[in-house]
Every structure is written in C-alpha cells, then in structure tokens.
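Next comes upload.cif, a file with mmCIF, C-alpha atoms.
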data_coords
#
loop_
_atom_site.label_atom_id
_atom_site.label_comp_id
_atom_site.auth_asym_id
_atom_site.auth_seq_id
_atom_site.Cartn_x
_atom_site.Cartn_y
_atom_site.Cartn_z
CA MET A 140 120.16 8.52 56.93
CA GLU A 141 123.83 9.39 56.71
CA SER A 142 124.65 12.98 57.60
CA THR A 143 126.34 15.13 54.99
CA ASP A 144 129.82 16.46 55.62
CA LEU A 145 128.36 19.91 55.93
CA ALA A 146 125.84 18.77 58.53
CA LEU A 147 128.60 17.12 60.53
CA MET A 148 130.69 20.29 60.40
CA THR A 149 127.73 22.29 61.65
CA ARG A 150 127.41 19.93 64.59
CA ILE A 151 131.14 20.15 65.24
CA ARG A 152 130.83 23.91 65.45
CA GLN A 153 128.25 23.25 68.16
CA ARG A 154 130.91 21.11 69.93
CA ASP A 155 129.22 17.79 69.19
CA SER A 156 132.02 15.25 69.51
CA ALA A 157 129.83 12.50 68.06
CA ALA A 158 129.93 14.38 64.77
CA LEU A 159 133.72 14.40 64.87
CA SER A 160 133.64 10.68 65.54
CA GLU A 161 131.47 10.15 62.48
CA LEU A 162 133.66 12.37 60.35
CA TYR A 163 136.70 10.46 61.54
CA ASP A 164 135.14 7.16 60.53
CA ARG A 165 134.40 8.61 57.12
CA TYR A 166 137.79 10.11 56.31
CA SER A 167 140.46 8.72 58.60
CA THR A 168 141.55 6.00 56.16
CA ARG A 169 142.09 8.50 53.35
CA VAL A 170 143.87 10.92 55.67
CA TYR A 171 146.06 8.24 57.23
CA SER A 172 146.91 6.73 53.85
CA LEU A 173 148.07 10.06 52.50
CA CYS A 174 150.09 10.80 55.64
CA MET A 175 151.69 7.37 55.33
CA ALA A 176 152.55 7.96 51.69
CA ILE A 177 154.28 11.20 52.58
CA LEU A 178 155.87 10.36 55.91
CA ARG A 179 156.63 6.65 55.34
CA ASN A 180 156.41 6.10 59.08
CA GLU A 181 153.41 4.66 60.90
CA HIS A 182 153.99 6.55 64.11
CA ALA A 183 154.44 9.88 62.36
CA ALA A 184 151.42 9.22 60.16
CA GLN A 185 149.28 8.44 63.19
CA GLU A 186 150.33 11.65 64.85
CA ALA A 187 149.65 13.64 61.71
CA THR A 188 146.25 12.03 61.30
CA GLN A 189 145.33 12.89 64.84
CA ASP A 190 146.45 16.49 64.33
CA VAL A 191 144.28 16.80 61.23
CA PHE A 192 141.15 15.88 63.14
CA ILE A 193 142.10 18.03 66.11
CA LYS A 194 142.43 20.91 63.70
CA ILE A 195 138.96 20.20 62.36
CA TRP A 196 137.65 20.12 65.91
CA THR A 197 139.36 23.31 67.04
CA HIS A 198 138.85 25.31 63.84
CA PRO A 199 135.60 24.19 62.23
CA GLU A 200 134.93 27.78 61.17
CA ARG A 201 137.67 27.46 58.60
CA TYR A 202 135.58 25.24 56.44
CA GLN A 203 133.78 27.66 54.16
CA PHE A 204 132.99 25.49 51.18
CA ASP A 205 130.14 23.27 50.11
CA ASP A 206 129.85 19.51 50.61
CA ASN A 207 131.75 18.66 47.45
CA ARG A 208 134.96 20.23 48.62
CA PHE A 209 135.15 18.73 52.08
CA CYS A 210 137.25 15.71 51.17
CA ALA A 211 139.66 17.94 49.26
CA TRP A 212 139.91 20.26 52.23
CA VAL A 213 140.66 17.46 54.67
CA LEU A 214 143.24 15.86 52.40
CA MET A 215 144.99 19.16 51.84
CA ILE A 216 145.22 19.72 55.58
CA ALA A 217 146.71 16.23 55.85
CA ARG A 218 149.24 16.93 53.13
CA HIS A 219 150.27 20.25 54.65
CA ARG A 220 150.62 18.74 58.09
CA SER A 221 152.75 15.90 56.73
CA ILE A 222 154.92 18.12 54.57
CA ASP A 223 155.48 20.44 57.53
CA GLN A 224 156.80 17.49 59.47
CA LEU A 225 159.00 16.40 56.60
CA ARG A 226 160.48 19.87 56.46
CA ARG A 227 161.16 19.77 60.18
CA ASP A 228 163.12 16.60 59.60
CA LYS A 229 165.53 18.41 57.34
CA HIS A 230 167.82 15.44 57.02
CA ARG A 231 165.16 13.62 55.08
CA LEU A 232 165.49 16.10 52.26
CA ASN A 233 168.97 14.84 51.67
CA ASP A 234 168.94 11.29 52.88
CA GLN A 235 165.55 9.72 52.49
CA ILE A 236 163.93 11.11 49.41
CA SER A 237 162.79 8.30 47.24
CA ILE A 238 161.32 8.73 43.81
CA ASP A 239 160.61 5.09 43.27
CA ASP A 240 157.20 3.65 42.57
CA GLU A 241 156.21 3.00 46.17
CA HIS A 242 153.77 5.87 45.94
CA PHE A 243 151.96 4.18 43.10
CA PRO A 244 151.77 0.46 43.86
CA GLU A 245 149.51 -2.11 42.32
CA LEU A 246 145.78 -1.56 42.59
CA ARG A 247 144.51 -2.89 45.88
CA ASP A 248 142.30 -2.03 48.82
CA VAL A 249 140.34 0.52 46.90
CA ASP A 250 136.59 0.62 47.05
CA GLY A 251 134.40 0.64 43.97
CA GLU A 252 133.69 4.35 44.08
CA GLN A 253 137.33 5.25 43.85
CA GLN A 254 138.48 2.43 41.69
CA ALA A 255 137.82 3.83 38.23
CA ARG A 256 139.46 7.17 38.94
CA TRP A 257 142.28 5.42 40.74
CA ARG A 258 142.88 3.10 37.82
CA ASP A 259 142.93 5.98 35.36
CA MET A 260 145.31 7.95 37.52
CA GLN A 261 147.53 4.92 38.03
CA HIS A 262 147.63 4.39 34.30
CA VAL A 263 148.63 7.96 33.63
CA LEU A 264 151.20 8.00 36.40
CA SER A 265 152.73 4.74 35.30
CA SER A 266 152.88 5.94 31.74
CA LEU A 267 154.71 9.13 32.64
CA PRO A 268 158.37 9.17 31.69
CA PRO A 269 160.44 8.52 34.84
CA GLU A 270 161.82 12.04 34.89
CA GLN A 271 158.31 13.52 34.83
CA ARG A 272 157.08 11.14 37.48
CA ALA A 273 160.05 12.08 39.63
CA VAL A 274 159.19 15.77 39.68
CA ILE A 275 155.56 14.99 40.53
CA VAL A 276 156.59 12.77 43.43
CA LEU A 277 159.10 15.29 44.72
CA ALA A 278 156.68 18.19 44.43
CA TYR A 279 153.56 16.52 45.79
CA TYR A 280 154.70 13.82 48.19
CA HIS A 281 157.83 15.57 49.41
CA GLY A 282 156.64 19.17 49.18
CA LEU A 283 159.76 20.39 47.43
CA SER A 284 159.78 23.65 45.55
CA GLN A 285 161.00 23.68 42.00
CA SER A 286 164.36 25.06 43.06
CA GLU A 287 164.72 22.26 45.58
CA ILE A 288 163.73 19.69 42.98
CA ALA A 289 166.28 21.09 40.56
CA ALA A 290 168.98 20.90 43.22
CA HIS A 291 167.98 17.40 44.23
CA LEU A 292 167.94 16.07 40.68
CA ASN A 293 170.91 18.16 39.67
CA SER A 294 168.89 19.45 36.74
CA PRO A 295 168.41 22.97 35.39
CA LEU A 296 165.43 24.79 36.85
CA GLY A 297 163.96 25.27 33.38
CA THR A 298 164.05 21.53 32.80
CA VAL A 299 162.21 20.89 36.04
CA LYS A 300 159.55 23.43 35.14
CA THR A 301 159.02 21.81 31.75
CA ARG A 302 158.76 18.31 33.20
CA LEU A 303 156.34 19.46 35.85
CA ARG A 304 154.18 21.24 33.30
CA LEU A 305 154.04 18.27 30.95
CA ALA A 306 153.23 15.80 33.72
CA MET A 307 150.54 17.96 35.23
CA GLU A 308 148.90 18.47 31.87
CA LYS A 309 148.58 14.71 31.46
CA LEU A 310 147.03 14.36 34.92
CA ARG A 311 144.70 17.26 34.21
CA VAL A 312 143.40 15.59 31.07
CA VAL A 313 142.32 12.57 33.12
CA VAL A 314 140.41 14.76 35.55
CA VAL A 315 138.75 16.82 32.83
CA ARG A 316 137.76 13.69 30.94
CA ASP A 317 135.98 12.38 34.03
CA MET B 245 149.82 45.84 39.14
CA ASN B 246 149.00 42.56 37.45
CA THR B 247 150.72 42.44 34.08
CA LEU B 248 150.70 38.72 33.37
CA THR B 249 149.05 37.49 30.20
CA CYS B 250 146.88 34.36 30.08
CA GLY B 251 149.69 32.56 28.27
CA GLU B 252 152.18 33.39 30.99
CA VAL B 253 149.73 32.40 33.68
CA ALA B 254 148.96 29.09 31.96
CA GLU B 255 152.65 28.20 32.18
CA LEU B 256 152.68 28.85 35.90
CA LEU B 257 149.40 27.20 36.87
CA PRO B 258 150.78 23.65 37.23
CA GLU B 259 153.41 24.93 39.65
CA LEU B 260 150.81 26.89 41.55
CA ALA B 261 148.48 23.91 41.83
CA LEU B 262 151.32 21.79 43.18
CA GLU B 263 152.37 24.61 45.51
CA ALA B 264 155.80 24.43 43.97
CA LEU B 265 155.94 28.03 42.78
CA ASP B 266 158.90 29.56 44.60
CA ASP B 267 158.44 33.21 43.72
CA GLN B 268 155.94 34.71 46.16
CA VAL B 269 155.46 37.86 44.09
CA MET B 270 154.78 35.83 41.00
CA ARG B 271 152.46 33.59 42.98
CA ASP B 272 150.42 36.56 44.13
CA GLN B 273 150.22 37.86 40.57
CA VAL B 274 148.97 34.52 39.27
CA LEU B 275 146.38 34.31 42.04
CA ALA B 276 145.23 37.83 41.24
CA HIS B 277 144.94 36.94 37.57
CA ILE B 278 142.87 33.80 38.05
CA ASP B 279 140.58 35.69 40.34
CA VAL B 280 139.48 37.89 37.46
CA CYS B 281 139.99 35.55 34.49
CA PRO B 282 137.35 32.79 34.21
CA ASN B 283 139.30 30.78 31.63
CA CYS B 284 142.46 30.64 33.66
CA ARG B 285 140.48 29.95 36.81
CA GLU B 286 138.76 27.02 35.15
CA ARG B 287 142.11 25.65 34.05
CA TYR B 288 143.50 26.11 37.52
CA GLU B 289 140.59 24.29 39.10
CA SER B 290 141.09 21.31 36.82
CA LEU B 291 144.78 21.25 37.71
CA PHE B 292 143.84 21.56 41.34
CA LYS B 293 141.59 18.50 41.02
CA ALA B 294 144.41 16.62 39.35
CA VAL B 295 146.62 17.40 42.31
CA LEU B 296 143.94 16.19 44.68
CA SER B 297 143.76 12.95 42.74
CA LEU B 298 147.35 12.36 43.76
CA ALA B 299 146.12 12.34 47.35
CA THR B 300 143.89 9.36 46.70
CA ALA B 301 146.25 7.59 44.31
CA VAL B 302 148.05 6.00 47.24
CA PRO B 303 147.40 2.60 48.83
CA GLN B 304 144.55 2.85 51.28
CA LYS B 305 145.17 1.69 54.80
CA ALA B 306 143.03 2.24 57.88
CA PRO B 307 144.69 3.74 60.96
CA PRO B 308 144.86 1.59 64.10
CA PRO B 309 141.68 1.72 66.24
CA LEU B 310 143.69 3.10 69.14
CA LEU B 311 144.18 6.32 67.24
CA LYS B 312 140.51 7.19 67.29
CA GLN B 313 140.34 6.33 70.94
CA ALA B 314 143.21 8.71 71.69
CA LEU B 315 141.64 11.45 69.58
CA MET B 316 138.28 11.23 71.26
CA GLN B 317 139.95 11.20 74.66
CA GLN B 318 141.72 14.43 73.82
CA VAL B 319 138.46 15.93 72.68
CA ALA B 320 136.71 14.74 75.82
CA ALA B 321 139.55 16.19 77.88
CA GLY B 322 138.49 19.59 76.65
CA ILE B 323 140.54 20.86 73.76
CA PRO B 324 138.95 24.27 73.44
CA ALA B 325 137.72 25.82 70.26
CA LEU B 326 140.32 28.44 69.33
CA ALA B 327 137.67 30.42 67.49
CA ALA B 328 140.00 32.02 65.00
CA GLN B 329 141.52 34.34 67.57
CA ASP B 330 144.90 33.86 65.99
CA GLU B 331 143.80 34.89 62.55
CA PRO B 332 141.54 37.52 61.07
CA ALA B 333 138.02 36.43 60.25
CA ILE B 334 137.39 35.14 56.78
CA ALA B 335 135.55 37.52 54.52
CA ALA B 336 131.89 36.77 53.95
CA GLU B 337 132.43 36.22 50.24
CA PRO B 338 136.02 35.07 49.92
CA THR B 339 137.68 34.98 46.57
CA TRP B 340 139.12 31.74 45.28
CA GLN B 341 142.63 32.46 46.46
CA GLN B 342 141.40 33.86 49.76
CA ARG B 343 139.58 30.61 50.33
CA LEU B 344 142.68 28.59 49.69
CA ARG B 345 144.78 30.86 51.86
CA SER B 346 142.23 30.83 54.65
CA VAL B 347 142.28 27.07 54.75
CA PHE B 348 146.00 26.69 54.93
CA GLY B 349 147.29 29.89 56.38
CA HIS B 350 150.17 29.60 58.85
CA PRO B 351 150.20 25.81 59.22
CA ALA B 352 153.31 25.82 61.40
CA LEU B 353 151.76 28.32 63.77
CA MET B 354 148.58 26.32 63.90
CA LEU B 355 150.36 23.07 64.60
CA SER B 356 152.34 24.64 67.36
CA ALA B 357 149.20 25.99 68.99
CA LEU B 358 147.42 22.67 68.73
CA LEU B 359 150.30 20.75 70.20
CA ALA B 360 150.46 23.20 73.05
CA VAL B 361 146.76 22.75 73.75
CA ALA B 362 147.06 18.98 73.54
CA ALA B 363 149.99 19.01 75.91
CA LEU B 364 148.08 21.11 78.40
CA ALA B 365 145.02 18.90 78.16
CA GLY B 366 146.88 15.72 78.96
CA TYR B 367 149.37 17.15 81.35
CA ALA B 368 150.80 15.23 84.33
CA TYR B 369 153.10 16.43 87.01
CA LEU B 370 156.47 14.95 87.89
CA ALA B 371 156.02 13.83 91.48
CA SER B 372 159.67 12.86 91.79
CA ARG B 373 160.86 16.43 92.22
CA PRO B 374 160.90 17.91 95.73
CA ALA B 375 159.02 20.88 94.38
CA PRO B 376 157.46 19.60 91.18
CA VAL B 377 158.07 21.94 88.32
CA ALA B 378 156.05 21.43 85.18
CA PRO B 379 158.26 21.03 82.14
CA ALA B 380 157.73 23.72 79.58
CA VAL B 381 154.92 22.72 77.27
CA ASP B 382 157.10 23.48 74.28
CA THR B 383 159.67 21.02 75.61
CA LEU B 384 157.12 18.22 75.46
CA ASP B 385 155.97 19.35 72.05
CA ARG B 386 159.50 19.55 70.77
CA LEU B 387 160.30 16.08 72.02
CA VAL B 388 157.18 14.66 70.40
CA VAL B 389 157.88 16.38 67.11
CA GLU B 390 161.53 15.39 67.05
CA SER B 391 160.98 11.81 68.17
CA THR B 392 162.02 9.12 65.74
CA GLU B 393 161.14 6.08 67.83
CA ALA B 394 157.94 5.01 69.52
CA VAL B 395 157.38 2.14 71.91
CA LYS B 396 153.89 0.95 72.76
CA LEU B 397 153.08 -0.08 76.30
CA ASN B 398 150.02 -2.22 76.92
CA GLY B 399 147.97 -2.54 80.06
CA THR B 400 148.53 -5.52 82.32
CA PRO B 401 145.68 -7.52 83.93
CA GLN B 402 145.93 -4.94 86.72
CA ALA B 403 144.87 -2.23 84.24
CA PRO B 404 143.69 -4.04 81.12
CA ASP B 405 142.42 -0.95 79.30
CA ALA B 406 145.48 1.18 79.91
CA TRP B 407 147.81 2.11 77.08
CA ALA B 408 150.88 4.28 76.64
CA ASP B 409 153.18 5.51 73.95
CA LEU B 410 156.81 6.35 74.68
CA ARG B 411 158.40 8.67 72.11
CA PHE B 412 162.06 9.56 71.89
CA GLN B 413 165.22 9.92 69.89
CA PRO B 414 167.56 7.00 70.66
CA ASP B 415 170.55 9.21 71.46
CA ASN B 416 168.61 11.51 73.78
CA GLN B 417 168.08 11.12 77.50
CA GLU B 418 164.68 12.74 77.37
CA ALA B 419 161.43 11.27 76.11
CA VAL B 420 157.70 11.79 76.32
CA LEU B 421 155.29 9.24 77.75
CA VAL B 422 151.66 9.62 76.68
CA VAL B 423 149.28 7.58 78.82
CA GLY B 424 145.58 6.83 78.57
CA ASP B 425 142.90 4.90 80.46
CA LEU B 426 144.90 4.67 83.66
CA SER B 427 143.19 5.47 86.95
CA ALA B 428 144.15 8.52 88.96
CA LEU B 429 146.01 7.51 92.13
CA ASP B 430 145.56 8.77 95.68
CA ALA B 431 148.14 11.27 96.90
CA ASP B 432 150.13 8.62 98.79
CA LYS B 433 150.89 6.68 95.61
CA THR B 434 152.56 7.33 92.28
CA TYR B 435 153.10 5.67 88.98
CA GLN B 436 156.77 4.94 88.31
CA LEU B 437 158.17 4.40 84.83
CA TRP B 438 160.99 1.88 84.68
CA LEU B 439 163.60 1.81 81.95
CA VAL B 440 165.28 -1.58 81.71
CA ASP B 441 168.50 -2.32 79.84
CA SER B 442 169.55 -5.60 78.24
CA ALA B 443 171.23 -6.73 81.46
CA GLY B 444 168.02 -6.21 83.43
CA LYS B 445 169.23 -3.10 85.24
CA ARG B 446 166.38 -0.70 85.96
CA ASP B 447 166.44 3.09 85.96
CA THR B 448 163.58 5.39 86.90
CA GLY B 449 162.29 7.42 83.96
CA ALA B 450 159.52 9.37 85.64
CA LEU B 451 157.07 9.49 88.51
CA PHE B 452 153.62 10.66 87.55
CA ASN B 453 149.92 10.52 88.17
CA CYS B 454 146.98 10.71 85.82
CA GLY B 455 144.23 13.29 85.74
CA SER B 456 140.59 12.51 86.32
CA LYS B 457 140.27 11.58 82.65
CA GLY B 458 142.90 8.89 83.05
CA THR B 459 145.39 10.59 80.77
CA ALA B 460 148.88 11.97 81.24
CA LYS B 461 151.67 13.40 79.14
CA VAL B 462 154.92 13.05 81.00
CA LEU B 463 158.46 14.25 80.50
CA VAL B 464 160.82 11.30 80.91
CA SER B 465 164.36 12.01 82.11
CA ALA B 466 166.64 9.02 81.72
CA PRO B 467 170.11 8.73 83.32
CA ARG B 468 171.35 7.14 80.11
CA ARG B 469 170.56 7.41 76.41
CA MET B 470 167.22 5.94 75.46
CA ARG B 471 168.90 3.54 73.06
CA ASP B 472 170.41 1.77 76.08
CA TYR B 473 167.02 0.49 77.19
CA VAL B 474 165.21 -2.51 75.78
CA ARG B 475 162.12 -2.81 77.97
CA PHE B 476 159.81 -0.40 79.73
CA GLY B 477 157.18 -0.76 82.40
CA VAL B 478 155.05 1.19 84.86
CA THR B 479 154.27 0.12 88.41
CA ILE B 480 152.33 1.64 91.29
CA GLU B 481 154.68 2.77 94.04
CA PRO B 482 154.50 4.80 97.26
CA ALA B 483 154.61 8.57 96.74
CA GLY B 484 158.18 9.60 96.04
CA GLY B 485 158.95 6.40 94.18
CA SER B 486 160.93 3.28 95.01
CA PRO B 487 164.48 2.16 94.22
CA GLY B 488 163.00 -0.93 92.59
CA PRO B 489 159.51 -2.13 91.66
CA THR B 490 157.47 -3.06 94.73
CA GLY B 491 153.89 -2.57 93.56
CA PRO B 492 151.73 -4.03 90.83
CA GLY B 493 152.67 -3.43 87.23
CA VAL B 494 150.09 -1.59 85.15
CA LEU B 495 151.87 -1.10 81.81
CA ARG B 496 154.61 -2.96 80.04
CA SER B 497 156.24 -2.55 76.68
CA VAL B 498 155.18 -4.73 73.79
CA LYS B 499 157.83 -7.24 72.85
CA SER B 500 159.01 -6.72 69.28
#
What is this structure when it is put down as structure tokens?
Amino acid sequence: MESTDLALMTRIRQRDSAALSELYDRYSTRVYSLCMAILRNEHAAQEATQDVFIKIWTHPERYQFDDNRFCAWVLMIARHRSIDQLRRDKHRLNDQISIDDEHFPELRDVDGEQQARWRDMQHVLSSLPPEQRAVIVLAYYHGLSQSEIAAHLNSPLGTVKTRLRLAMEKLRVVVVRD
Amino acid sequence: MNTLTCGEVAELLPELALEALDDQVMRDQVLAHIDVCPNCRERYESLFKAVLSLATAVPQKAPPPLLKQALMQQVAAGIPALAAQDEPAIAAEPTWQQRLRSVFGHPALMLSALLAVAALAGYAYLASRPAPVAPAVDTLDRLVVESTEAVKLNGTPQAPDAWADLRFQPDNQEAVLVVGDLSALDADKTYQLWLVDSAGKRDTGALFNCGSKGTAKVLVSAPRRMRDYVRFGVTIEPAGGSPGPTGPGVLRSVKS
C-alpha cells in the first residue's frame, strides 16, 4: 500500500532516505515543472528542485499540517526558492520578464486527476483580459510586488491593485466551485 | 491595534494570497484580522487555493533522472538535519499566519545554509596548490548561484558511471565543477580538469580528488575567460598534475 505523505514525512524525520526517495518520485515532476515555469532555465530549475528536496530532508519538522496540505507546502517552497533566485538575478527583472502565454500553453501531459481542474483554470486564465493576466503572471511567476508591477507596466498602482483583485476573484470562483 | 474592517481586508486578501502586498504593517494587520475573523479567513483560504492552482497550471515535465541520483548522493553523503537551530520552535498550536510564516520564514537564510552544507558535503581539495587551501565555501556557493551556463561531462569507458557538471559565467575565470560517481584516487595520483579552446590549446582548470563517496565540488580557476573554451575533460595524472594529458580520460564534455 502506498504510504501517505504524512507517513513519509515521519520516516524522513527518522532519517529514512528511502522515504525521501519515494516523496521525490511523487512530487518531483510538479516541483520541477513549477521551477521551470518561473526560472525558464533547465539548469536553474534542476538546482531549485534539488534544493527543495534538500530542504525537506534537512527541515522535516517544518511540516506541521495534515496530508491534504503537503502538496501545497512543497509547491510553495518551490515557488519561493525559484523567486529568490529570480530576485538574485536582478537583471531579469528588467530584461527578461515575459507576460506572454508561455505559462499557460495548450493542455498536455497532464494526468486524469489534474486534468479537470487544469482545464477549468486554463479556461479562466485564457479568458482573463490581457492586462489582468499580465498582473497575475508578474505577481505569481515573477514574484513582483504590486509596486514593481506598476513600475514594470508603467501603470498607476491603483490600476494594478484593481486588475489583480478582479483576476484573483475569477480564479477564486473556480476553486470554490470545485 | 487592528482597525481594519472586513471590507478593507477583503480588498487586500488577493494581494496577500499572491504575496504581492508591499506594506508590511498592513500585511500584519490583515493577518491579524483573518486570524480572528472566520469569514475573512475562509475567503483567504479560497484565494490561497486559487494561487496554488497557478502552481499546477503549468506544463508538466519530469526532471532528468540524474537529478534524483545527485540528490540521493548528497543525502547519503550526510547532509545533517539542521533541527531548527536557526529558528525558534514552532508553537504547538500555530495560528494560520504563524503556520504560513513558519513554512517560509527566512528563505534566503535557509538557502544559504543549505548550500553551505551541500558544499561541505561534497568538498574536494585543490591538489595543485603547494599548500592546498580550501576555497571559501561561500565562494563555491556564490559561483553556483551566479552561474548562467552549465556544461555536462559524461563518464568515459574508463569510468562509465561518472558524471560532472561545470557551472560558470562565460566572462568569469572561475567556475565550479560538481562531480559524482568517480573513484577516489591514491595519494600519488590526481584528477586534472582540462579546458580546451577552439584551437585545441589546453589549460588546466583544477586538480582534485574525490571523497570516499565518489563526489567532489571543486573550484575551477581558468587562465582565461570561460567563454574561450569549447571542450572540457578530466584525466588521471600523477600527483601535482601534468603539462598535458598523459593518463586515461574519465570525463569529457557532451558535444552540443
């Protein structure tokens, strides 16, 4: 029988590297995919992915939630690690920020479990007005604050706040509906 | 004192969920509010889930198998549990915001510590120096973090399982070589990294040995900028190195 995430974390606390191996098999694709979406560089994404699992190994006590939150926890570590790296590469903030649709490509390589949610989210994202989608991409995938987004888009801060609020409300409705 | 109304908080929740709220004071006030207001907390949690959906709304791609191998080697090499010595213990019954903060507190500090541990775990000495001096761990970490290029080196038939990753910035003369699955050499021999330019001229990048786990993390010092080199290889040479390759090759760069 497959171990739960919580059971694997308990074993990791006991320094059982086989549990880390199992956890890696379970989540590495999702972690790596998110790192790739943020960093847009295979080498950097590999390094970030490795750091995420090293962090799990060295700080298992930080996981204080139940089984349902584990995936969210891991993905948030991955996002933070990737955004940290983006911020270290300051030049990217000016030169390489893209708000195109590469973050939301056509549906592919998604297993059945994720597919419905993914399709709904894709639909909502693709239906967002470009200016709302832009603030979501800049905030989530580039880790920019609202002030930074306003500066990057050369838009008033109030406008950015409004766009962000409207876009997030649409995404929230999808989640609540599910 | 928390003076925000539910209406004001509702306006700020999307920014909070996306971690795009600039004002730290305001952020703390919103967190304090949702900790005591079930309605706002419920709304925040749904926004939080929406944000997490963005994490999975990206094309899914598996990492290369080598990555897991490298991870498990690091673990086997003895990355210690840091046991929260760098942060206060988490309260037995953390509040919602305390939970979030506890998960992501001080990420830069954490990364730095982890890189330092990883560097120590895979460390190799530079045998080329008369009195080998270990490069500062933070130098290796900095080079890894700042690197923009990576070249893979594969094992030759002499060392078919060996692998290496050379990381650098093209305009720098320093780089980091991370090696795995390469046998430790006797004291009278050394591994020598060769940097080869387009004309075939070879420079020595580093002399090193591997630990008992077969891993090494080596500071590479090149006489020219890294962008001047087009091929890389590692051979086994007598201790102290050779002016040119004389021993068997164990690693060579992958042709692009």
Note to self: What does the structure give for the distance between atom CA of B:Cys454 and atom CA of B:Gln318, in Å to one decimal?
What the structure shows: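 If I compute the distance from atom CA of B:Cys454 to atom CA of B:Gln318, I get 13.6 Å.
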Next item on the list: Find the residues around stretch 265-280 of chain A up to 7 Å (only C-alpha atoms counted), leave out those fewer than 6 positions away in its own chain, and share them as a list of chain:residue names.
Entry: A:Ile177, A:Ile238, A:Ile288, A:Val299, A:Arg302, A:Leu303, A:Ala306, B:Leu262, B:Ala264
Checklist line | Among the residues B:Leu451, B:Ala443, B:Met316, B:Val494, the one that comes closest to chain A [using only C-alpha atoms] | finding: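 Closest to chain A of all the choices is B:Met316.
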Notebook entry, point to check: Separation of atom CA of A:Lys300 and atom CA of B:His277, in Å?
Noted result: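 Atom-to-atom, atom CA of A:Lys300 and atom CA of B:His277 are spaced 20.0 Å apart.
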Mind telling me what the PyMOL selection byres ((chain B and resi 307) around 9) catches here, as a PDB file with C-alpha atoms, in the coordinates of the input?
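The resulting part.pdb:
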ATOM      1  CA  SER A 167     140.460   8.720  58.600  1.00  0.00           C
ATOM      2  CA  THR A 168     141.550   6.000  56.160  1.00  0.00           C
ATOM      3  CA  VAL A 170     143.870  10.920  55.670  1.00  0.00           C
ATOM      4  CA  TYR A 171     146.060   8.240  57.230  1.00  0.00           C
ATOM      5  CA  SER A 172     146.910   6.730  53.850  1.00  0.00           C
ATOM      6  CA  GLU A 181     153.410   4.660  60.900  1.00  0.00           C
ATOM      7  CA  ALA A 184     151.420   9.220  60.160  1.00  0.00           C
ATOM      8  CA  GLN A 185     149.280   8.440  63.190  1.00  0.00           C
ATOM      9  CA  THR A 188     146.250  12.030  61.300  1.00  0.00           C
TER      10      THR A 188
ATOM     11  CA  LYS B 305     145.170   1.690  54.800  1.00  0.00           C
ATOM     12  CA  ALA B 306     143.030   2.240  57.880  1.00  0.00           C
ATOM     13  CA  PRO B 308     144.860   1.590  64.100  1.00  0.00           C
ATOM     14  CA  PRO B 309     141.680   1.720  66.240  1.00  0.00           C
ATOM     15  CA  LEU B 310     143.690   3.100  69.140  1.00  0.00           C
ATOM     16  CA  LEU B 311     144.180   6.320  67.240  1.00  0.00           C
ATOM     17  CA  LYS B 312     140.510   7.190  67.290  1.00  0.00           C
TER      18      LYS B 312
END
Next item on the list: With a distance cut-off of 10 Å and all atoms listed in the file, select the neighbouring residues of A:Met215, excluding the residue or stretch itself and same-chain residues fewer than 2 positions from it, and output the selection as a PyMOL selection string.
Entry: (chain A and resi 170+173+191+209-213+217-221) or (chain B and resi 295-296+299+344+347-348)
Write out as a tab-separated table the residues of chain A that have any atom within 7 Å of an atom of chain B, one row each with the nearest atom pair and its distance in Å to one decimal, counting only C-alpha atoms, sorted by chain and then rising number.
residue	atom	partner	partner_atom	distance
A:Ser167	CA	B:Pro307	CA	6.9
A:Thr168	CA	B:Ala306	CA	4.4
A:Arg169	CA	B:Gln304	CA	6.5
A:Tyr171	CA	B:Pro307	CA	6.0
A:Ser172	CA	B:Gln304	CA	5.2
A:Leu173	CA	B:Ala299	CA	6.0
A:Ala176	CA	B:Val302	CA	6.6
A:His182	CA	B:Ala394	CA	6.9
A:Gln185	CA	B:Leu311	CA	6.8
A:Gln189	CA	B:Leu315	CA	6.2
A:Thr197	CA	B:Ala325	CA	4.4
A:His198	CA	B:Ala327	CA	6.4
A:Arg201	CA	B:Val347	CA	6.0
A:Ala211	CA	B:Leu296	CA	6.5
A:Leu214	CA	B:Ala299	CA	6.8
A:Asp223	CA	B:Ala352	CA	7.0
A:His242	CA	B:Val302	CA	5.9
A:Phe243	CA	B:Val302	CA	6.0
A:Pro244	CA	B:Pro303	CA	7.0
A:Arg247	CA	B:Pro303	CA	6.9
A:Asp248	CA	B:Gln304	CA	5.9
A:Val249	CA	B:Gln304	CA	6.5
A:Trp257	CA	B:Ala301	CA	5.8
A:Met260	CA	B:Ala301	CA	6.9
A:Gln261	CA	B:Ala301	CA	6.9
A:Ala278	CA	B:Ala264	CA	6.3
A:Tyr279	CA	B:Leu262	CA	6.3
A:Leu283	CA	B:Ala264	CA	6.6
A:Ser284	CA	B:Ala264	CA	4.4
A:Gln285	CA	B:Ala264	CA	5.6
A:Arg304	CA	B:Pro258	CA	5.7
A:Met307	CA	B:Pro258	CA	6.0
A:Leu310	CA	B:Ala294	CA	5.6
A:Arg311	CA	B:Ala294	CA	5.2
A:Val314	CA	B:Ala294	CA	5.8
A:Val315	CA	B:Ser290	CA	6.4
Item checked: Spatial neighbours of B:Gln436, 6 Å, only C-alpha atoms, chain gap at least 5 places, as a ChimeraX atom specification -> /B:450-451,478-479
Item checked: Picked residues, the PyMOL selection byres ((chain B and resi 248) around 12), expected as a PyMOL selection string -> chain B and resi 245-247+249-256+269-278+280-281+284
Checklist line | Pairwise distance for atom CA of B:Trp407 and atom CA of B:Leu387, rounded to one decimal in Å | finding: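 Spanning atom CA of B:Trp407 to atom CA of B:Leu387 is a straight-line distance of 19.4 Å.
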Margin query: With the PyMOL selection byres ((chain A and resi 154) around 10) as the selection, what would be picked from this file? Answer as a list in words, please.
Written below: Met148, Thr149, Arg150, Ile151, Arg152, Gln153, Asp155, Ser156, Ala157, Ala158, Leu159, Trp196, Thr197 and Pro199 of chain A; Val319, Pro324 and Ala325 of chain B
Near B:Ser465, counting only C-alpha atoms, which residues have an atom at most 9 Å away, once you skip same-chain residues fewer than 6 positions from it, shown as a CSV table (one decimal) with C-alpha atoms, in the coordinates of the input?
chain,number,residue,atom,x,y,z
B,417,GLN,CA,168.1,11.1,77.5
B,418,GLU,CA,164.7,12.7,77.4
B,419,ALA,CA,161.4,11.3,76.1
B,420,VAL,CA,157.7,11.8,76.3
B,448,THR,CA,163.6,5.4,86.9
B,449,GLY,CA,162.3,7.4,84.0
B,450,ALA,CA,159.5,9.4,85.6
